[in-house]
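S.K.: I have a structure here, written as structure tokens, and I will follow up with some questions on it.
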Amino acid sequence: MTGFSSEAQTMSLIAFITVITVTLLLCVMTGPDRDDLGEFYTGYRSLSPVQSGLAIAGDYISAGTVLGTIGVISLVGYDGLTLALSTVLSLVLMMFLLAEPLRNAGRFTMGDIFTRRTPGPAVRITVSAVTLAALLPLVIFQLAGAGDLLAVVLGFDADGFKTGAIVFLGVLMIAYAAIGGMKGTAFIQIVKTVVLLGAATAISILIMNKFDFSVPTLLDAAKRGSGLGDAYLTSGVQFGGNEVDMISAQLTVVLGAAVLPHITMRMFTSRSASAVRRSMSWAVSTVVVTCVLLTVIGFGAAAIVGRQGLMAGDPQGKTAFLMVSRAVMGAEATTFETLLFTGVTTAVFLTLLASVAGITLACANTLAHDLVAHGLRKSTVQPTTEMAIARAAAAGVGLVALVLAASARHWNLQALVTLSFCVGASAVAPALVYSLFWRRYTRTGLLCTLIVGSVSAIVLMTGSKLVSGSPHSVFPDYDFNWFPFTTTGLVSVPLGFLAGWLGTIRSPREASAQDERYESVEPTILAGVPGP
């Protein structure tokens, strides 16, 4: 059924059990040993720049990024490559523009950044809602695909196994977030990044060796295998020749990928402004190398497996990494090649676990710290209580996510991961830029940015062809497609910025007070100077 030998499947199962045991032990050993908020939320900023950089890269390179990037490059070529480059550019912009101010302004969550200038429960509650709107779809998308992926690797076709795999991964995700906290999940991300880099490097070398380490030869073979001919290496295949739709997608990825809350929370774990700069240098370097490797693997999948084989495995190419890894080793795999394939499956499994654990932790943190402790409660919440709330929130978010993922397993949920990037680009990015760099920005402007940006992205997404009107949409049998683009960024991003500007200029009295407050925290935010 899968084309993977029983020996490879058995070794993969053993590797998965080993990974689960080691990572749980790692969480217990590195997680907070007492009810201390600083330790749970930031790990006391004890990570070195290298460790922090690898953890940031691990959070940034999600399972959707790895499998989706390889799949889209293998199927549509040039358009997939441009989206991979957009992903890298997003983190580069974060490094140069936002990383240091975020570290200086933040404490535990994104709500701490915004309330540094505009305190109030309304801001905390809104930030919490936007964080969930941006991250919960991402968790559901990755969990829903995990069942099918593990079924392919281990050779089980039963629906019960796929649903059980989703539930099992969901329980592990909750355990990692609740037990490990920031430091525990960081070490899982570090292990995942190293294993993924090693596996991707090995497969890339095997692919290039098959084509005599000649890039032109690889690309020519990819063109033939793609079934698209010369169009494979030109723009427009993925979006049906709609250049505006392609621009909208790239804008959404560039502005939205790096500002998602589970990425920005990693900025708070750096010891100093110089440390966050070095951490981001490591993170960007790691992501660049990873994207180069994923590109080679994507073209290799098109050249070796071919379009028909890839589509048979998954219409969106999500199994391309596994298929090309097996195909490049030949029909009679040696013991070493079987071990290498086991390393690939282990890297994919670790990527799934680490991705959903980091996102779940970010959701739990905002619910406990922003919504309950500072949004809904009128009195001060004790640290031990907030810790308990955070762990309970991790369980709550995880349970909701796994139930929704198991229920929607048969649907095409690409719209969910696209929605996450759209909310990040339309609400989070404008709010961060305005809050960190516009002195006059007010509480009204901030609320307008967050609400209008998020609502516009969600409403517009319901009318896109990812939701209805196409064979690969969430509801392929229905057609209520009224929005012409695949992503909402071209419309919702300007709306988010415009709403923040209008909300600010329409509140002049509030702006005067905000100017004074910003002047008092501006040196801290922009230069890391200790506050008064």
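Please note that chains go A, B, ... in the order of the structure tokens, that every chain numbers its residues from 1, and that ligands are numbered from 1 in the order shown.
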Could you give me, as a list in words, the residues within 9 Å of A:Gly106, counting only C-alpha atoms and dropping anything in the same chain fewer than 4 positions from it?

M.R.: Pro101, Leu102, Met110, Gly111, Asp112, Ile113, Phe114, Arg116, Met265, Met267, Phe268 and Ile525 of chain A

S.K.: The selected residues should be written to file as a short mmCIF file (atom, residue, chain, number, x, y, z; two decimals), in the first residue's frame (atoms: N, CA and C atoms).

M.R.:
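again_25.cif, freshly written:
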data_model
loop_
_atom_site.label_atom_id
_atom_site.label_comp_id
_atom_site.auth_asym_id
_atom_site.auth_seq_id
_atom_site.Cartn_x
_atom_site.Cartn_y
_atom_site.Cartn_z
N PRO A 101 13.16 45.37 19.41
CA PRO A 101 12.08 46.07 20.13
C PRO A 101 11.11 45.11 20.82
N LEU A 102 10.82 43.97 20.19
CA LEU A 102 9.93 42.99 20.82
C LEU A 102 10.53 42.47 22.12
N MET A 110 2.29 38.51 23.97
CA MET A 110 2.10 39.66 23.09
C MET A 110 1.27 40.74 23.77
N GLY A 111 0.40 40.34 24.68
CA GLY A 111 -0.38 41.33 25.41
C GLY A 111 0.50 42.26 26.21
N ASP A 112 1.62 41.77 26.72
CA ASP A 112 2.55 42.62 27.47
C ASP A 112 3.17 43.69 26.57
N ILE A 113 3.38 43.37 25.31
CA ILE A 113 3.95 44.35 24.38
C ILE A 113 2.98 45.51 24.18
N PHE A 114 1.74 45.18 23.88
CA PHE A 114 0.77 46.23 23.57
C PHE A 114 0.38 47.05 24.80
N ARG A 116 2.20 47.81 27.22
CA ARG A 116 3.31 48.66 27.70
C ARG A 116 2.96 50.13 27.48
N MET A 265 6.88 35.07 20.83
CA MET A 265 7.12 34.78 22.25
C MET A 265 8.55 34.28 22.48
N MET A 267 11.14 35.68 21.34
CA MET A 267 12.00 36.85 21.52
C MET A 267 12.19 37.17 23.00
N PHE A 268 11.19 36.81 23.82
CA PHE A 268 11.24 37.16 25.24
C PHE A 268 12.21 36.28 26.02
N ILE A 525 11.93 50.49 24.76
CA ILE A 525 11.46 49.68 23.64
C ILE A 525 12.48 49.66 22.51
#

S.K.: Going by DSSP on the backbone, which bits of stretch 89-226 of chain A are alpha helix (DSSP H)? Write them as number ranges by chain, please.

M.R.: A: 89-93, 99-105, 110-115, 121-154, 159-175, 181-210, 215-226

S.K.: Find the residue from A:Val474, A:Leu350, A:Ile297, A:Ile179 that sits nearest to A:Ala388; use only C-alpha atoms when measuring.

M.R.: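 Nearest candidate to A:Ala388 out of A:Val474, A:Leu350, A:Ile297, A:Ile179: A:Ile179.
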
S.K.: Please compute the atom CA of A:Ala364-atom CA of A:Ala57 distance, one decimal, in Å.

M.R.: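 Separation between atom CA of A:Ala364 and atom CA of A:Ala57: 20.8 Å.
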
S.K.: Which of these, A:Ala499, A:Val324, A:Leu447, A:Val76, has the shortest distance to A:Ala231 once you count only C-alpha atoms?

M.R.: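 Comparing A:Ala499, A:Val324, A:Leu447, A:Val76 against A:Ala231, the winner is A:Val76.
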
S.K.: Between A:Ser226, A:Ala258, A:Thr269, A:Ser435, which has the minimum distance to A:Gly309 (counting only C-alpha atoms)?

M.R.: A:Ser226
